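Report on the following structure.
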2 protein chains.
Amino acid sequence: MELWYTEKQTDSFGITAKVKRTHHTEQTEFQKLDMIETEEWGNMLTLDGMVMTTERDEFVYHEMVAHIPLFTHPNPKHVLVVGGGDGGVIREVLKHPSVEKAVLAEIDGKVVEYSKKYLPTIAGDLEDERVSVEIGDGFMHIAESEQEYDVIMVDSTEPVGPAVNLFTKGFYAGIAKALKEDGIFVAQTDNPWFKADLIKQVMGDVKEIFPITRLYTANIPTYPSGLWTFTIGSKKHDPLEVSDQRFHEIDTKYYTKELHKASFALPKFVKDLTE
Amino acid sequence: MELWYTEKQTDSFGITAKVKRTHHTEQTEFQKLDMIETEEWGNMLTLDGMVMTTERDEFVYHEMVAHIPLFTHPNPKHVLVVGGGDGGVIREVLKHPSVEKAVLAEIDGKVVEYSKKYLPTIAGDLEDERVSVEIGDGFMHIAESEQEYDVIMVDSTEPVGPAVNLFTKGFYAGIAKALKEDGIFVAQTDNPWFKADLIKQVMGDVKEIFPITRLYTANIPTYPSGLWTFTIGSKKHDPLEVSDQRFHEIDTKYYTKELHKASFALPKFVKDLTE
């Protein structure tokens with residue numbers, strides 16, 4: 001018997017991946033969690049039937065969420081990751097020696113638990129002494145923070161289920177308050193082929209709050225369309241004006257110094273969404 | 001009843017698209033040709049069960065094959081497209097006013113015939129008076145040409161079936177002979193997630209023949225992994241050293257002047273394949 005995981009990324013298009021076995025399946029307090037082993041991508045975490053991360057291609061998303069803002073900020077010390085319970089963004093954050101404290105605010109403790117168990121190369125660094133894992137509502141964590149963080153990264157699911165609040169203007173205003181006077185935030189903002197309206201809406205909202213707003217992309221083969229976007233809001237530092245001295249050597253598989261700026265050169269139809 | 005087209009892009013991963021109807025299906029002299037109408041992508045041409053082009057996302061591939069070499073060459077007049085029977089690359093080539101003659105060498109006349117019928121927005125410009133459609137073996141056309149073309153574009157299928165010869169060192173040597181003394185060629189060279197060895201091999205072969213060799217990428221959602229590569233071999237002009245005056249306004253949905261250079265900034269794991 002052959003088992004295949006099929007994800008309808010839209011009503012009429014999707015991906016399908018051959019499955020070796022199901023490690024765990026559970027309806028948590030917040031969402032349906034499945035951890036499966038696939039032939040092509042290794043272990044794969046899905047939430048509410050959507051791929052969150054896989055062992056084989058996770059490096060793209062995690063590197064590109066972390067290193068663009070962290071190389072843009074001249075001296076990031078205090079970092080907050082909202083969501084991101086698999087630990088991949090935290091692992092990349094810790095590659096920056098300036099970082100003294102990294103807080104992970106993940107609403108669903110089960111994501112952390114099963115990532116540690118089945119995605120150890122991704123979640124392993126959650127044990128690092130610089131990391132503080134707080135199981136709770138990221139929206140509330142933001143609301144209660146003031147001038148506290150240099151960089152905030154929103155590593156959420158799609159705007160359904162527990163992440164709905166994380167795509168609202170009120171949330172971005174809260175982030176601005178939680179950031180220091182030269183703080184930067186980044187959020188994953190889905191793909192331009194099927195979710196153009198979402199990108200437009202987020203860009204519009206963030207532009208009203210942050211003086212510097214930019215969109216960049218990365219290729220993630222297990223995400224819808226393969227082309228993913230990230231929206232940056234920054235109070236002072238421009239990701240396109242990072243000096244060459246700012247970069248230091250880190251071990252990556254996707255991010256490079258050249259790609260840092262090139263990832264902001266958008267296809268015409270994507271650029272049009274930002275204007 | 002729901003019909004879904006499923007393409008196994010590897011033994012254990014693929015895409016699936018909801019089908020409205022099958023317009024045409026035929027075993028041609030060279031390959032299995034299917035023209036189907038999908039909900040998400042409009043009409044879709046597949047050859048031997050692989051997506052060649054769709055009405056909705058075709059612009060990415062066709063623009064990126066054509067405009068990178070044509071804006072790199074200072075005065076492209078004579079252009080050859082090997083393969084490309086759907087006519088999409090030709091349509092983009094004709095946007096460059098310097099082009100006097102564009103030859104299409106497509107081995108399978110049925111591809112041209114059914115593209116004209118079911119993909120008129122892609123194939124329409126094959127009727128242009130600057131275009132010469134030659135149904136025949138592109139490999140032989142190349143072998144018989146000498147110092148004839150400014151730019152040659154290889155818009156082939158994967159290296160199976162009729163396109164096997166188009167991924168050989170002998171073919172690239174033939175291209176070098178068919179090009180004028182400052183000619184440029186570009187070939188689609190599949191994706192780095194599943195076909196890393198092919199990219200490495202082509203880069204190695206082309207490097208032995210052309211003094212300037214470069215790889216660039218584009219996002220094509222209906223192609224395996226969504227990340228597609230193109231290999232350039234050039235005798236004189238470097239795509240990374242195009243002067244700003246060279247660019248002129250053309251109507252595009254993907255290509256931009258900024259993306260011209262940015263598309264050569266490769267993810268680290270892809271860059272490693274070129275070294």
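Chain labels run A, B, ... following the order of the structure tokens; each chain numbers its residues from 1, and ligands are numbered from 1 in the order shown.
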
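Neighbours of region 28-30 of chain A closer than or equal to 8 Å, with only C-alpha atoms counted and sequence neighbours fewer than 2 positions away skipped, come out as Glu26, Lys32, Leu33, Asp108, Lys110, Gly161 and Pro162 of chain A.
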
Closest atom pairs, chain A residues within 8 Å of chain B, only C-alpha atoms, as a Markdown table:
```
| residue | atom | partner | partner_atom | distance |
| --- | --- | --- | --- | --- |
| A:Ser12 | CA | B:Lys18 | CA | 4.8 |
| A:Phe13 | CA | B:Ala17 | CA | 4.5 |
| A:Gly14 | CA | B:Thr16 | CA | 5.2 |
| A:Ile15 | CA | B:Ile15 | CA | 4.3 |
| A:Thr16 | CA | B:Gly14 | CA | 5.2 |
| A:Ala17 | CA | B:Phe13 | CA | 4.5 |
| A:Lys18 | CA | B:Ser12 | CA | 4.9 |
| A:Glu39 | CA | B:Ser12 | CA | 6.0 |
| A:Glu40 | CA | B:Ser12 | CA | 5.8 |
| A:Asn219 | CA | B:Leu227 | CA | 6.4 |
| A:Ile220 | CA | B:Ser225 | CA | 7.6 |
| A:Pro221 | CA | B:Ser225 | CA | 4.5 |
| A:Thr222 | CA | B:Ser225 | CA | 7.5 |
| A:Ser225 | CA | B:Pro221 | CA | 4.5 |
| A:Gly226 | CA | B:Gly226 | CA | 4.7 |
| A:Leu227 | CA | B:Asn219 | CA | 6.4 |
| A:Thr252 | CA | B:Lys268 | CA | 7.1 |
| A:Lys253 | CA | B:Lys268 | CA | 5.1 |
| A:Tyr254 | CA | B:Pro267 | CA | 4.5 |
| A:Tyr255 | CA | B:Pro267 | CA | 6.1 |
| A:Thr256 | CA | B:Lys268 | CA | 6.2 |
| A:Glu258 | CA | B:Ala265 | CA | 5.9 |
| A:Leu259 | CA | B:Ala265 | CA | 5.4 |
| A:Ala262 | CA | B:Ala262 | CA | 4.7 |
| A:Ser263 | CA | B:Ala262 | CA | 7.4 |
| A:Ala265 | CA | B:Leu259 | CA | 5.4 |
| A:Leu266 | CA | B:Leu259 | CA | 6.6 |
| A:Pro267 | CA | B:Tyr254 | CA | 4.5 |
| A:Lys268 | CA | B:Tyr254 | CA | 4.6 |
| A:Phe269 | CA | B:Lys253 | CA | 5.3 |
```

Quiz item: Leaving out Asp86 (chain B) and any residue of its chain fewer than 5 positions from it, which residues lie within 8 Å of it when counting only C-alpha atoms, given as a PyMOL selection string?
Solution: chain B and resi 111-112+115-116+119+122-123

Exercise. Name the residues of region 31-210 of chain A that come out as strand (DSSP E or B) in a backbone DSSP run; write them as a ChimeraX atom specification.
Key: /A:32-38,42-47,50-54,78-83,101-106,131-135,149-155,179-188

Quiz item: In Å, with one decimal, what is the gap from CA of Thr53 (chain A) to CA of Leu198 (chain A)?
Solution: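 So the two atoms, CA of Thr53 (chain A) and CA of Leu198 (chain A), lie 21.3 Å apart.
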
Exercise. Could you give me, as a VMD selection string, the residues within 7 Å of Ile152 (chain A), counting only C-alpha atoms and dropping anything in the same chain fewer than 5 positions from it?
Key: chain A and resid 79 to 81 184 to 186

Quiz prompt | 12 Å contact set for Glu106 (chain B), only C-alpha atoms, chain neighbours under 2 positions out, as a VMD selection string | solution = chain B and resid 30 80 to 87 90 103 to 104 108 to 113 126 132 to 142 153 to 157 162 to 163

Quiz prompt | Contacts of region 94-98 of chain B within 6 Å, only C-alpha atoms, excl. fewer than 2 positions in-chain, as a list of chain:residue names | solution =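 In the requested form, the answer reads B:Pro76, B:Lys77, B:Arg91, B:Glu92.
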
Quiz item: Which residues, written as a list of chain:residue names, have at least one atom at most 8 Å from Met35 (chain A), with only C-alpha atoms counted and residues fewer than 6 positions away on the same chain left out?
Solution: A:Thr22, A:His23, A:His24, A:Thr25, A:Asn43, A:Met44, A:Leu45, A:Thr46, A:Tyr114, A:Tyr118

Self-check item: Å distance separating CA of Thr213 (chain B) from CA of His73 (chain B), one decimal place
Solution: 14.3 Å

Quiz prompt | Length of the CA of Gln31 (chain B) to CA of Met50 (chain B) vector [Å] | solution = 10.9 Å

Any chance you could tabulate, as a Markdown table, the residues of region 21-105 of chain A at most 9 Å from region 232-245 of chain A with each one's nearest atom pair and distance in Å to one decimal, using only C-alpha atoms, in chain and rising number order?
```
| residue | atom | partner | partner_atom | distance |
| --- | --- | --- | --- | --- |
| A:Ile68 | CA | A:Pro239 | CA | 7.1 |
| A:Pro69 | CA | A:Pro239 | CA | 7.0 |
| A:Phe71 | CA | A:Val242 | CA | 7.5 |
| A:Thr72 | CA | A:Pro239 | CA | 5.0 |
| A:His73 | CA | A:His237 | CA | 6.4 |
| A:Pro74 | CA | A:His237 | CA | 8.2 |
```

Written file, previous selection with all heavy atoms, as a compact mmCIF listing (two decimals), in the first residue's frame:
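Result file is part-v5.txt:
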```txt
# COMPACT_ATOMS: atom_id res chain seq x y z
N ILE A 68 17.99 38.27 7.45
CA ILE A 68 17.74 39.58 6.82
C ILE A 68 17.60 40.66 7.91
O ILE A 68 18.35 41.65 7.88
CB ILE A 68 16.52 39.51 5.88
CG1 ILE A 68 16.74 38.50 4.75
CG2 ILE A 68 16.18 40.92 5.36
CD1 ILE A 68 17.44 39.00 3.51
N PRO A 69 16.71 40.53 8.88
CA PRO A 69 16.64 41.59 9.89
C PRO A 69 17.86 41.65 10.80
O PRO A 69 18.29 42.73 11.21
CB PRO A 69 15.37 41.26 10.68
CG PRO A 69 15.13 39.81 10.44
CD PRO A 69 15.64 39.53 9.05
N PHE A 71 21.02 40.99 10.16
CA PHE A 71 22.16 41.67 9.54
C PHE A 71 21.83 43.13 9.22
O PHE A 71 22.73 43.93 8.93
CB PHE A 71 22.62 40.95 8.28
CG PHE A 71 23.59 39.82 8.54
CD1 PHE A 71 23.30 38.53 8.11
CD2 PHE A 71 24.77 40.04 9.24
CE1 PHE A 71 24.19 37.48 8.35
CE2 PHE A 71 25.67 39.00 9.49
CZ PHE A 71 25.37 37.71 9.05
N THR A 72 20.55 43.48 9.23
CA THR A 72 20.16 44.87 9.00
C THR A 72 20.35 45.70 10.26
O THR A 72 20.83 46.84 10.21
CB THR A 72 18.68 44.94 8.53
OG1 THR A 72 18.55 44.19 7.31
CG2 THR A 72 18.24 46.37 8.31
N HIS A 73 19.96 45.14 11.41
CA HIS A 73 20.15 45.84 12.68
C HIS A 73 21.63 45.84 13.05
O HIS A 73 22.27 44.80 12.99
CB HIS A 73 19.33 45.15 13.78
CG HIS A 73 19.19 45.98 15.02
ND1 HIS A 73 20.23 46.19 15.89
CD2 HIS A 73 18.14 46.65 15.52
CE1 HIS A 73 19.81 46.96 16.89
NE2 HIS A 73 18.54 47.26 16.69
N PRO A 74 22.18 46.99 13.44
CA PRO A 74 23.64 47.04 13.68
C PRO A 74 24.09 46.27 14.92
O PRO A 74 25.27 45.87 14.99
CB PRO A 74 23.92 48.55 13.85
CG PRO A 74 22.60 49.17 14.17
CD PRO A 74 21.54 48.32 13.54
```
